[in-house]
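A.B. asks: Pasting a structure here, questions to come.
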Amino acid sequence: MKTCERVSKEPSDKEQLDLSELREILGEHKDHTGALIPVLQEAQKQYGYLSQDILETIAGDLGLPLSQVYGVVTFYSQFRLQPHGENIIRVCHGTACHVSGAQEITAAVEKKLGIKSGGTTKDRKFTLETVACLGCCSLAPLMMIDDETYGRLTSQKATKIVRKIKRESRR
């Protein structure tokens, strides 16, 4: 479950967000009832995630309490409070994958990337997520990297795939 503590703190000098696009998004929705979710969706599409600055700006411009904006963002899994990597790795933990070794797959990928599930590598190349089901039970255990599905995995196969994707992402 996401909590307010996971919201990214102030961006560093080199990451300072340009909120001009957000102001345009807000301007388009300013007088619409129920604008919060569409504004959050468009802001996340523009910036990749919803930072503290973005949430505060949205709350202020829409005249909503910040707690209400946080409530919506933390309720819906579509919203991200931290930047995601260029490559999203999703390890299935549905029933078929769970009984076929999903924990071992996740542990191997965590070790290879040096992050825990839910984290993003420092270079922002990879984000690792565990998901409830990817809908490919006949391929259990499996993971997806971006839109590519990898099934019938072992820890060794998963590590080899991640190593290959890491090499390709350096090019």
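Just remember, in the structure tokens the first chain shown is A, the second B, etc., residues are 1-based per chain, and ligands are 1-based in the order shown.
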So which bits of stretch 1-136 of chain A end up strand (DSSP E or B) when you DSSP the backbone, as a list in words?

C.D. replies: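 Output for stretch 1-136 of chain A, strand (DSSP E or B) only: Asn87, Ile88, Ile89, Arg90, Val91, Cys92, Thr120, Phe126, Thr127, Leu128, Glu129, Thr130 and Val131 of chain A.
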
A.B. asks: Identify, with DSSP run on backbone atoms, the residues in chain A assigned to helix (DSSP H, G or I), and express the list as a PyMOL selection string.

C.D. replies: chain A and resi 4-6+13-15+20-29+36-47+52-62+66-75+95-99+102-113+137-139+155-170

A.B. asks: For C-alpha atoms, I'd like the residues from the last selection saved as an mmCIF file, in the first residue's frame.

C.D. replies:
data_model
loop_
_atom_site.group_PDB
_atom_site.id
_atom_site.type_symbol
_atom_site.label_atom_id
_atom_site.label_comp_id
_atom_site.auth_asym_id
_atom_site.auth_seq_id
_atom_site.Cartn_x
_atom_site.Cartn_y
_atom_site.Cartn_z
ATOM 1 C CA CYS A 4 2.344 9.670 1.978
ATOM 2 C CA GLU A 5 5.897 8.954 3.150
ATOM 3 C CA ARG A 6 6.692 7.473 -0.276
ATOM 4 C CA ASP A 13 18.615 21.364 -8.470
ATOM 5 C CA LYS A 14 19.177 19.368 -11.633
ATOM 6 C CA GLU A 15 15.733 17.727 -11.301
ATOM 7 C CA SER A 20 4.329 25.321 -16.765
ATOM 8 C CA GLU A 21 2.795 22.232 -18.407
ATOM 9 C CA LEU A 22 0.926 21.522 -15.180
ATOM 10 C CA ARG A 23 -0.469 25.050 -15.181
ATOM 11 C CA GLU A 24 -1.794 24.443 -18.715
ATOM 12 C CA ILE A 25 -3.396 21.158 -17.644
ATOM 13 C CA LEU A 26 -4.996 22.868 -14.655
ATOM 14 C CA GLY A 27 -6.222 25.716 -16.818
ATOM 15 C CA GLU A 28 -8.039 23.286 -19.089
ATOM 16 C CA HIS A 29 -9.848 21.686 -16.127
ATOM 17 C CA LEU A 36 -9.083 15.865 -9.886
ATOM 18 C CA ILE A 37 -8.589 12.415 -11.443
ATOM 19 C CA PRO A 38 -8.221 13.663 -15.042
ATOM 20 C CA VAL A 39 -5.752 16.324 -13.851
ATOM 21 C CA LEU A 40 -3.748 13.723 -11.914
ATOM 22 C CA GLN A 41 -3.728 11.403 -14.944
ATOM 23 C CA GLU A 42 -2.553 14.126 -17.316
ATOM 24 C CA ALA A 43 0.057 15.386 -14.850
ATOM 25 C CA GLN A 44 1.459 11.891 -14.391
ATOM 26 C CA LYS A 45 1.519 11.386 -18.158
ATOM 27 C CA GLN A 46 3.471 14.639 -18.515
ATOM 28 C CA TYR A 47 5.923 14.194 -15.607
ATOM 29 C CA GLN A 52 5.157 16.694 -3.773
ATOM 30 C CA ASP A 53 5.308 19.953 -5.766
ATOM 31 C CA ILE A 54 2.856 18.645 -8.339
ATOM 32 C CA LEU A 55 0.379 17.459 -5.704
ATOM 33 C CA GLU A 56 0.559 20.735 -3.803
ATOM 34 C CA THR A 57 0.048 22.746 -6.988
ATOM 35 C CA ILE A 58 -2.943 20.628 -8.015
ATOM 36 C CA ALA A 59 -4.519 20.894 -4.568
ATOM 37 C CA GLY A 60 -4.018 24.661 -4.468
ATOM 38 C CA ASP A 61 -5.274 25.367 -7.965
ATOM 39 C CA LEU A 62 -8.337 23.128 -7.614
ATOM 40 C CA LEU A 66 -3.886 18.311 0.075
ATOM 41 C CA SER A 67 -5.147 15.376 2.175
ATOM 42 C CA GLN A 68 -7.964 14.805 -0.332
ATOM 43 C CA VAL A 69 -5.506 14.775 -3.242
ATOM 44 C CA TYR A 70 -3.254 12.306 -1.342
ATOM 45 C CA GLY A 71 -6.295 10.188 -0.567
ATOM 46 C CA VAL A 72 -7.119 9.819 -4.247
ATOM 47 C CA VAL A 73 -3.505 9.235 -5.308
ATOM 48 C CA THR A 74 -2.888 6.571 -2.684
ATOM 49 C CA PHE A 75 -6.231 4.834 -3.308
ATOM 50 C CA THR A 95 -1.576 -18.418 -7.609
ATOM 51 C CA ALA A 96 0.016 -20.424 -10.443
ATOM 52 C CA CYS A 97 3.180 -18.315 -10.337
ATOM 53 C CA HIS A 98 3.286 -18.293 -6.547
ATOM 54 C CA VAL A 99 3.267 -22.085 -6.309
ATOM 55 C CA ALA A 102 7.562 -16.455 -7.966
ATOM 56 C CA GLN A 103 9.325 -15.557 -4.701
ATOM 57 C CA GLU A 104 12.581 -17.020 -5.976
ATOM 58 C CA ILE A 105 12.222 -15.150 -9.282
ATOM 59 C CA THR A 106 11.608 -11.887 -7.452
ATOM 60 C CA ALA A 107 14.546 -12.478 -5.101
ATOM 61 C CA ALA A 108 16.875 -13.208 -8.033
ATOM 62 C CA VAL A 109 15.823 -10.048 -9.894
ATOM 63 C CA GLU A 110 16.104 -7.956 -6.712
ATOM 64 C CA LYS A 111 19.646 -9.245 -6.199
ATOM 65 C CA LYS A 112 20.623 -8.642 -9.842
ATOM 66 C CA LEU A 113 19.309 -5.054 -9.837
ATOM 67 C CA CYS A 137 -0.958 -18.905 -15.914
ATOM 68 C CA SER A 138 0.121 -21.570 -18.414
ATOM 69 C CA LEU A 139 3.560 -19.894 -18.524
ATOM 70 C CA SER A 155 15.906 -17.838 -10.985
ATOM 71 C CA GLN A 156 18.818 -18.393 -13.356
ATOM 72 C CA LYS A 157 16.724 -17.678 -16.478
ATOM 73 C CA ALA A 158 15.295 -14.522 -14.935
ATOM 74 C CA THR A 159 18.772 -13.279 -14.002
ATOM 75 C CA LYS A 160 20.060 -14.009 -17.515
ATOM 76 C CA ILE A 161 17.155 -12.086 -19.094
ATOM 77 C CA VAL A 162 17.682 -9.078 -16.825
ATOM 78 C CA ARG A 163 21.426 -9.119 -17.548
ATOM 79 C CA LYS A 164 20.667 -9.075 -21.301
ATOM 80 C CA ILE A 165 18.184 -6.196 -20.967
ATOM 81 C CA LYS A 166 20.704 -4.253 -18.845
ATOM 82 C CA ARG A 167 23.352 -4.647 -21.545
ATOM 83 C CA GLU A 168 20.932 -3.541 -24.246
ATOM 84 C CA SER A 169 19.841 -0.491 -22.253
ATOM 85 C CA ARG A 170 23.455 0.763 -22.072
#

A.B. asks: Counting only C-alpha atoms, what is within 8 Å of A:Pro83, bar same-chain residues fewer than 6 positions away, as a count of residues only?

C.D. replies: 4

A.B. asks: Of the candidates A:Gly63, A:Gly34, A:Gly85, A:Gly94, which shows the shortest atom-to-atom distance to A:Met143, using only C-alpha atoms?

C.D. replies: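 Of A:Gly63, A:Gly34, A:Gly85, A:Gly94, the one nearest A:Met143 is A:Gly94, counting only C-alpha atoms.
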
A.B. asks: Using only C-alpha atoms, which of A:Gly114, A:Gly101, A:Cys92, A:Leu153 sits nearest A:Gly135?

C.D. replies: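 Between A:Gly114, A:Gly101, A:Cys92, A:Leu153, the residue approaching A:Gly135 most closely is A:Cys92.
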
A.B. asks: Expressed in Å to a single decimal, how great is the separation between atom CA of A:Leu128 and atom CA of A:Ile115?

C.D. replies: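 Pair atom CA of A:Leu128 / atom CA of A:Ile115 returns 7.7 Å.
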
A.B. asks: May I ask for the distance between atom CA of A:His84 and atom CA of A:Lys30, given in Å to one decimal place?

C.D. replies: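 Atom-to-atom, atom CA of A:His84 and atom CA of A:Lys30 are spaced 28.0 Å apart.
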